[in-house]
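Read through the structure below, which is laid out as structure tokens, and then see the notes.
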Amino acid sequence: MKNQYVGDIGDFGKYSMLRAFIDAGIKVGVNWYLTEDDGSNDGKFTDYLNKGVMRRYCPEVFDALKGIAKNKDKSVFDIEKSGILPGTVFYSEILKPEGTPNDREQERSSWFQESLYELKDAELIFMDPDNGILESNDATKLGGEKYVLPSEVESYFIEGHNVVYYCHKGRRPYEQWEAHKSLMFKRIKDAKPAILTYHKGSQRSYIFLIHDKDFVKYRKVIDGILGGWYKVFSEEYTSKGNAAGESVGDAFEIEYAGARYTIEKRADGKIQMKSSKQPNTTRIVTVDMFLRDIGF
């Protein structure tokens, strides 16, 4: 993240997405992965704030960004003070490792260890690098401050946090993108995946690694975003496929109204069922809807 990006079209989607988790009672922590501004035109796509079309998706975030984005000296600290992410804890130290490779590695390690302490109370940690995740995990790489390291994602997750990190497809062909977005799920095999992709401006993806105990709660928030932001946010999958549709526990059968129903609970907490009257059709419903349908 750079201060120059504050308020652009990508920022609006990002804060609105995090706001949905906050509104669901989830304590969010943000590691900005803050780097120095570079004088480029990146982050100057703020015309959407003058048109107002996007405001309906999250008026609170839109109105705040409209005031912040016009400031010459805008920064992430304006976001922190604005109240659009209530209750959020932030780690705002600039990441700028310098010196020899060994110096850079040590500086980055110290920087990250401090973030672990500052964000210790967060349930969900958002990692916001300029460019996404670095596949090599090389902390000494020049320009590496623009990337999350796989070991850093893993450290947050092992400490008990759910994690979401920013990533973009860029010019990767399909096969490379599929491998790239699945990278951390090969490394952390017990993490439940979810990927939300934002389609305004350049394509931005948010890759979630979720602990099993929290998956149902997080899926409800993600499904709400997908339903309320139709065609603005969409869902992508990793090489694991659709984790939300995985069966949990054993299937069972019941007889009802002259038909036999095969019923399974899904990882997202919904019920999946097939009827002997329509064996090629699978119906997915909430638990409440299922109970209502069978007369409870």
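Residues are named by chain letter and number: chains run A, B, ... in the order of the structure tokens, numbers start at 1 in each chain, and ligands are numbered from 1 in the order shown.
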key: strand (DSSP E or B) per DSSP on the backbone: members of region 217-284 of chain A, as an NGL selection string   = :A and (230 or 233-236 or 238 or 241 or 247-256 or 259-266 or 271-275 or 278-284)
task = Identify, on the basis of only C-alpha atoms, every residue whose closest approach to Val248 (chain A) does not exceed 12 Å; exclude the query and any residue fewer than 3 positions from it along the same chain; express the result as a list in words.
result =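 After dropping sequence-adjacent residues, the list is Asp212, Val216, Ala243, Ala244, Gly245, Ala251, Phe252, Ile263, Glu264, Lys265, Arg266, Ala267, Asp268, Gly269, Lys270, Ile271 and Gln272 of chain A.
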task = Could you give me, as a PyMOL selection string, the residues within 10 Å of Phe157 (chain A), counting only C-alpha atoms and dropping anything in the same chain fewer than 6 positions from it?
result = chain A and resi 124-125+151+163-164+188+191+209-211
Could you write out the selected residues, including all heavy atoms, as a CSV table (one decimal), in the first residue's frame?
chain,number,residue,atom,x,y,z
A,124,LEU,N,-9.4,-11.4,12.1
A,124,LEU,CA,-9.1,-11.4,10.7
A,124,LEU,C,-8.1,-10.3,10.4
A,124,LEU,O,-8.3,-9.2,10.7
A,124,LEU,CB,-10.4,-11.1,9.9
A,124,LEU,CG,-10.2,-10.9,8.4
A,124,LEU,CD1,-9.7,-12.2,7.7
A,124,LEU,CD2,-11.5,-10.4,7.7
A,125,ILE,N,-6.9,-10.8,9.8
A,125,ILE,CA,-5.9,-9.8,9.5
A,125,ILE,C,-5.9,-9.7,7.9
A,125,ILE,O,-5.8,-10.6,7.2
A,125,ILE,CB,-4.5,-10.3,10.0
A,125,ILE,CG1,-4.5,-10.3,11.5
A,125,ILE,CG2,-3.4,-9.5,9.4
A,125,ILE,CD1,-3.1,-10.7,12.1
A,151,SER,N,5.7,-17.0,4.2
A,151,SER,CA,6.0,-17.3,5.6
A,151,SER,C,5.2,-16.3,6.5
A,151,SER,O,4.9,-16.7,7.7
A,151,SER,CB,7.5,-17.2,5.9
A,151,SER,OG,8.0,-15.9,5.6
A,163,VAL,N,-6.9,-15.0,7.7
A,163,VAL,CA,-6.0,-14.0,6.9
A,163,VAL,C,-6.7,-13.8,5.6
A,163,VAL,O,-7.2,-14.7,5.0
A,163,VAL,CB,-4.6,-14.7,6.7
A,163,VAL,CG1,-3.7,-13.7,5.9
A,163,VAL,CG2,-4.0,-15.0,8.0
A,164,VAL,N,-6.5,-12.6,5.1
A,164,VAL,CA,-6.9,-12.2,3.7
A,164,VAL,C,-5.8,-11.3,3.2
A,164,VAL,O,-5.4,-10.4,3.9
A,164,VAL,CB,-8.3,-11.6,3.6
A,164,VAL,CG1,-8.4,-10.4,4.5
A,164,VAL,CG2,-8.6,-11.2,2.2
A,188,ILE,N,-0.5,-24.4,3.5
A,188,ILE,CA,-1.3,-24.5,4.7
A,188,ILE,C,-2.5,-25.4,4.4
A,188,ILE,O,-3.6,-24.8,4.0
A,188,ILE,CB,-1.7,-23.1,5.2
A,188,ILE,CG1,-0.5,-22.2,5.4
A,188,ILE,CG2,-2.4,-23.3,6.6
A,188,ILE,CD1,-0.8,-20.8,5.8
A,191,ALA,N,-6.2,-24.8,5.9
A,191,ALA,CA,-6.9,-23.5,5.7
A,191,ALA,C,-8.0,-23.7,4.7
A,191,ALA,O,-7.8,-24.3,3.6
A,191,ALA,CB,-5.9,-22.5,5.2
A,209,LEU,N,-7.7,-17.2,3.9
A,209,LEU,CA,-7.4,-18.4,4.5
A,209,LEU,C,-8.1,-18.4,5.8
A,209,LEU,O,-7.8,-17.6,6.7
A,209,LEU,CB,-5.8,-18.6,4.7
A,209,LEU,CG,-5.0,-18.7,3.4
A,209,LEU,CD1,-4.5,-17.3,3.0
A,209,LEU,CD2,-3.8,-19.6,3.7
A,210,ILE,N,-9.0,-19.4,6.0
A,210,ILE,CA,-10.0,-19.3,7.1
A,210,ILE,C,-9.9,-20.6,7.9
A,210,ILE,O,-9.8,-21.7,7.4
A,210,ILE,CB,-11.4,-19.2,6.6
A,210,ILE,CG1,-11.5,-17.9,5.6
A,210,ILE,CG2,-12.4,-19.1,7.7
A,210,ILE,CD1,-12.8,-17.9,4.8
A,211,HIS,N,-9.8,-20.4,9.2
A,211,HIS,CA,-9.9,-21.6,10.1
A,211,HIS,C,-11.2,-22.3,10.0
A,211,HIS,O,-12.3,-21.6,9.9
A,211,HIS,CB,-9.6,-21.2,11.5
A,211,HIS,CG,-8.1,-20.8,11.8
A,211,HIS,ND1,-7.2,-21.7,12.0
A,211,HIS,CD2,-7.5,-19.6,11.7
A,211,HIS,CE1,-6.0,-21.1,12.2
A,211,HIS,NE2,-6.2,-19.8,12.0
message = Quick one: residues within 12 Å of Gly25 (chain A), only C-alpha atoms, excluding same-chain residues fewer than 4 positions away - as a list in words?
response =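 These residues fall inside the cut-off: Leu18, Arg19, Ala20, Phe21, Leu85, Pro86, Gly87, Thr88, Ala122, Glu123, Leu124, Lys217, Tyr218 and Val221 of chain A.
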request  = Using only C-alpha atoms, find the one residue out of A:Pro173, A:Pro101, A:Gly29, A:Gly52 that sits nearest to Ile9 (chain A).
outcome  =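 Selected residue with least distance to Ile9 (chain A): A:Gly52.
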inquiry  = Calculated over only C-alpha atoms, which of the candidates A:Glu105, A:Asp11, A:Asp128, A:Glu145 has the smallest distance to Glu36 (chain A)?
reply    =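 Distance minimum relative to Glu36 (chain A) lands on A:Glu145.
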